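Notes follow the structure.
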Amino acid sequence: MAKNNVYPFTKSQSLPVPVGIKSGDAVASGSYVGVALTDRQVAMAANVPNTSNPVGNASVALDGTWTLPCADAVASVGTALYIAGAGPFTVTTTASGNTLLGYSADVIKGGVATGGTKAAGAGTINVTIG
């Protein structure tokens with residue numbers, strides 16, 4: 001189960017996802033966007049976990065706030081974030097040719113807002129899906 005959930009999700013669905021999708025990854029499937037709650041189900045065999053999804057599917061959260069990798073600079077809370085690539089996917093601030101995933105969001109930890117902005121380079125950003 002994905003461990004990068006910050007604020008709870010209320011909607012999820014089993015969706016077809018590309019090879020290589022792991023629990024916690026950003027996902028685009030048709031018009032749906034979200035975060036994989038489970039790894040993509042592979043053909044049943046010995047030592048292969050059963051995610052209760054059809055082969056080729058993963059359980060995907062369709063809302064909530066998640067901490068996801070993002071290499072782009074995010075200057076302000078509420079910045080639109082997009083899902084790019086054909087899978088595994090990346091999170092970017094580039095709108096052109098990409099699908100809206102959600103918006104950067106602060107999370108309050110110990111009374112301090114954190115995670116809604118970041119400098120360019122490797123790191124994570126909090127994304128509220130929708």
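Residues are named by chain letter and number: chains run A, B, ... in the order of the structure tokens, numbers start at 1 in each chain, and ligands are numbered from 1 in the order shown.
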Problem set entry | Near-Arg40 (chain A) list (7 Å; only C-alpha atoms; drop same-chain fewer than 6 positions) as an MDAnalysis selection string | chainID A and resid 17 19 21:22 56:58
Output the selection as a compact mmCIF listing (two decimals), in the first residue's frame - N, CA and C atoms for each residue.
# COMPACT_ATOMS: atom_id res chain seq x y z
N VAL A 17 -2.75 0.11 -15.84
CA VAL A 17 -1.60 0.99 -15.73
C VAL A 17 -0.42 0.39 -16.48
N VAL A 19 3.35 -1.00 -17.46
CA VAL A 19 4.33 -1.88 -16.83
C VAL A 19 5.28 -1.01 -16.00
N ILE A 21 4.66 0.29 -12.95
CA ILE A 21 4.02 1.14 -11.94
C ILE A 21 4.08 0.44 -10.58
N LYS A 22 4.54 1.20 -9.59
CA LYS A 22 4.67 0.70 -8.22
C LYS A 22 3.78 1.53 -7.30
N GLY A 56 -2.42 -6.47 -15.00
CA GLY A 56 -2.24 -5.21 -15.72
C GLY A 56 -2.86 -4.01 -15.03
N ASN A 57 -3.59 -4.24 -13.94
CA ASN A 57 -4.24 -3.14 -13.22
C ASN A 57 -3.55 -2.88 -11.88
N ALA A 58 -3.83 -1.70 -11.34
CA ALA A 58 -3.44 -1.34 -9.97
C ALA A 58 -4.61 -0.61 -9.34
Problem set entry | Test item: residues at most 12 Å from region 91-102 of chain A, only C-alpha atoms, excluding those fewer than 3 positions along its chain, as a ChimeraX atom specification | /A:25-35,61-88,105,116-118,120-130
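Relative to CA of Asp106 (chain A), CA of Leu37 (chain A) is found at 21.7 Å.
Taking only region 58-123 of chain A, the residues that DSSP calls strand (DSSP E) from the backbone come to Ala58, Ser59, Val60, Ala61, Thr65, Trp66, Thr67, Leu68, Pro69, Ala80, Leu81, Tyr82, Ile83, Ala84, Thr90, Val91, Thr92, Thr99, Leu100, Leu101, Gly102, Tyr103, Ser104, Val107, Ile108, Lys109, Val112, Ala113 and Thr114 of chain A.
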Expected file: the selected residues, N, CA, C and O atoms, as an mmCIF file, in the first residue's frame:
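Okay, again_10.cif is ready:
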data_model
loop_
_atom_site.group_PDB
_atom_site.id
_atom_site.type_symbol
_atom_site.label_atom_id
_atom_site.label_comp_id
_atom_site.auth_asym_id
_atom_site.auth_seq_id
_atom_site.Cartn_x
_atom_site.Cartn_y
_atom_site.Cartn_z
ATOM 1 N N ALA A 58 -3.829 -1.695 -11.338
ATOM 2 C CA ALA A 58 -3.439 -1.344 -9.970
ATOM 3 C C ALA A 58 -4.607 -0.612 -9.336
ATOM 4 O O ALA A 58 -5.427 -0.014 -10.042
ATOM 5 N N SER A 59 -4.692 -0.645 -8.028
ATOM 6 C CA SER A 59 -5.657 0.191 -7.320
ATOM 7 C C SER A 59 -5.082 1.601 -7.296
ATOM 8 O O SER A 59 -3.916 1.798 -6.936
ATOM 9 N N VAL A 60 -5.891 2.587 -7.699
ATOM 10 C CA VAL A 60 -5.415 3.964 -7.844
ATOM 11 C C VAL A 60 -6.301 4.900 -7.029
ATOM 12 O O VAL A 60 -7.531 4.885 -7.176
ATOM 13 N N ALA A 61 -5.680 5.721 -6.164
ATOM 14 C CA ALA A 61 -6.400 6.770 -5.430
ATOM 15 C C ALA A 61 -6.639 7.930 -6.383
ATOM 16 O O ALA A 61 -5.728 8.356 -7.101
ATOM 17 N N THR A 65 -4.054 14.108 -0.834
ATOM 18 C CA THR A 65 -2.797 14.849 -0.983
ATOM 19 C C THR A 65 -1.652 13.871 -0.786
ATOM 20 O O THR A 65 -1.653 13.095 0.173
ATOM 21 N N TRP A 66 -0.687 13.936 -1.687
ATOM 22 C CA TRP A 66 0.394 12.963 -1.766
ATOM 23 C C TRP A 66 1.736 13.657 -1.899
ATOM 24 O O TRP A 66 1.826 14.708 -2.512
ATOM 25 N N THR A 67 2.774 13.060 -1.375
ATOM 26 C CA THR A 67 4.137 13.547 -1.567
ATOM 27 C C THR A 67 4.737 12.755 -2.729
ATOM 28 O O THR A 67 4.816 11.525 -2.669
ATOM 29 N N LEU A 68 5.114 13.483 -3.801
ATOM 30 C CA LEU A 68 5.601 12.842 -5.024
ATOM 31 C C LEU A 68 6.919 13.477 -5.477
ATOM 32 O O LEU A 68 7.134 14.673 -5.264
ATOM 33 N N PRO A 69 7.780 12.701 -6.138
ATOM 34 C CA PRO A 69 9.017 13.266 -6.678
ATOM 35 C C PRO A 69 8.709 14.299 -7.766
ATOM 36 O O PRO A 69 7.792 14.111 -8.559
ATOM 37 N N ALA A 80 -0.049 24.636 -10.451
ATOM 38 C CA ALA A 80 -0.554 23.478 -11.186
ATOM 39 C C ALA A 80 0.594 22.510 -11.463
ATOM 40 O O ALA A 80 1.675 22.920 -11.880
ATOM 41 N N LEU A 81 0.334 21.226 -11.226
ATOM 42 C CA LEU A 81 1.319 20.172 -11.476
ATOM 43 C C LEU A 81 0.719 19.163 -12.445
ATOM 44 O O LEU A 81 -0.465 18.838 -12.367
ATOM 45 N N TYR A 82 1.551 18.678 -13.341
ATOM 46 C CA TYR A 82 1.105 17.827 -14.437
ATOM 47 C C TYR A 82 1.820 16.491 -14.388
ATOM 48 O O TYR A 82 2.910 16.367 -13.849
ATOM 49 N N ILE A 83 1.189 15.505 -14.991
ATOM 50 C CA ILE A 83 1.764 14.172 -15.100
ATOM 51 C C ILE A 83 2.270 14.022 -16.538
ATOM 52 O O ILE A 83 1.581 14.372 -17.482
ATOM 53 N N ALA A 84 3.519 13.579 -16.666
ATOM 54 C CA ALA A 84 4.171 13.512 -17.976
ATOM 55 C C ALA A 84 4.710 12.109 -18.221
ATOM 56 O O ALA A 84 5.018 11.378 -17.285
ATOM 57 N N THR A 90 6.233 11.072 -14.576
ATOM 58 C CA THR A 90 6.917 12.077 -13.777
ATOM 59 C C THR A 90 5.950 13.222 -13.495
ATOM 60 O O THR A 90 4.973 13.412 -14.220
ATOM 61 N N VAL A 91 6.227 13.972 -12.440
ATOM 62 C CA VAL A 91 5.439 15.146 -12.082
ATOM 63 C C VAL A 91 6.235 16.371 -12.512
ATOM 64 O O VAL A 91 7.434 16.471 -12.247
ATOM 65 N N THR A 92 5.549 17.303 -13.185
ATOM 66 C CA THR A 92 6.212 18.475 -13.750
ATOM 67 C C THR A 92 5.310 19.706 -13.659
ATOM 68 O O THR A 92 4.100 19.570 -13.475
ATOM 69 N N THR A 99 -0.918 16.147 -18.718
ATOM 70 C CA THR A 99 -2.244 16.077 -18.112
ATOM 71 C C THR A 99 -2.199 16.624 -16.694
ATOM 72 O O THR A 99 -1.313 16.255 -15.911
ATOM 73 N N LEU A 100 -3.167 17.497 -16.351
ATOM 74 C CA LEU A 100 -3.220 18.066 -15.008
ATOM 75 C C LEU A 100 -3.380 16.950 -13.975
ATOM 76 O O LEU A 100 -4.273 16.115 -14.073
ATOM 77 N N LEU A 101 -2.490 16.947 -12.980
ATOM 78 C CA LEU A 101 -2.562 16.002 -11.873
ATOM 79 C C LEU A 101 -3.233 16.658 -10.666
ATOM 80 O O LEU A 101 -4.095 16.075 -10.022
ATOM 81 N N GLY A 102 -2.831 17.878 -10.357
ATOM 82 C CA GLY A 102 -3.376 18.582 -9.197
ATOM 83 C C GLY A 102 -2.579 19.838 -8.940
ATOM 84 O O GLY A 102 -1.969 20.402 -9.841
ATOM 85 N N TYR A 103 -2.546 20.255 -7.655
ATOM 86 C CA TYR A 103 -1.920 21.519 -7.283
ATOM 87 C C TYR A 103 -1.029 21.323 -6.068
ATOM 88 O O TYR A 103 -1.348 20.525 -5.184
ATOM 89 N N SER A 104 0.086 22.074 -6.026
ATOM 90 C CA SER A 104 0.983 21.972 -4.880
ATOM 91 C C SER A 104 0.261 22.450 -3.628
ATOM 92 O O SER A 104 -0.568 23.363 -3.679
ATOM 93 N N VAL A 107 1.526 21.189 3.855
ATOM 94 C CA VAL A 107 1.041 20.314 4.915
ATOM 95 C C VAL A 107 1.530 20.936 6.208
ATOM 96 O O VAL A 107 2.676 21.396 6.297
ATOM 97 N N ILE A 108 0.682 20.989 7.204
ATOM 98 C CA ILE A 108 1.057 21.587 8.481
ATOM 99 C C ILE A 108 1.657 20.506 9.376
ATOM 100 O O ILE A 108 1.005 19.526 9.709
ATOM 101 N N LYS A 109 2.917 20.700 9.749
ATOM 102 C CA LYS A 109 3.616 19.773 10.641
ATOM 103 C C LYS A 109 4.190 20.581 11.792
ATOM 104 O O LYS A 109 5.015 21.472 11.565
ATOM 105 N N VAL A 112 3.936 24.303 11.362
ATOM 106 C CA VAL A 112 4.685 24.922 10.270
ATOM 107 C C VAL A 112 4.210 24.360 8.936
ATOM 108 O O VAL A 112 4.108 23.144 8.762
ATOM 109 N N ALA A 113 3.912 25.268 7.982
ATOM 110 C CA ALA A 113 3.525 24.845 6.633
ATOM 111 C C ALA A 113 4.764 24.378 5.884
ATOM 112 O O ALA A 113 5.789 25.063 5.863
ATOM 113 N N THR A 114 4.674 23.196 5.261
ATOM 114 C CA THR A 114 5.831 22.641 4.570
ATOM 115 C C THR A 114 5.406 21.815 3.361
ATOM 116 O O THR A 114 4.298 21.283 3.320
#
For this session: State, in Å with one decimal place, the distance from CA of Met44 (chain A) to CA of Asn4 (chain A).
Result: 26.6 Å
For this session: Have a look at CA of Phe89 (chain A) and CA of Ser23 (chain A) and let me know their distance in Å, one decimal.
Result: 12.5 Å
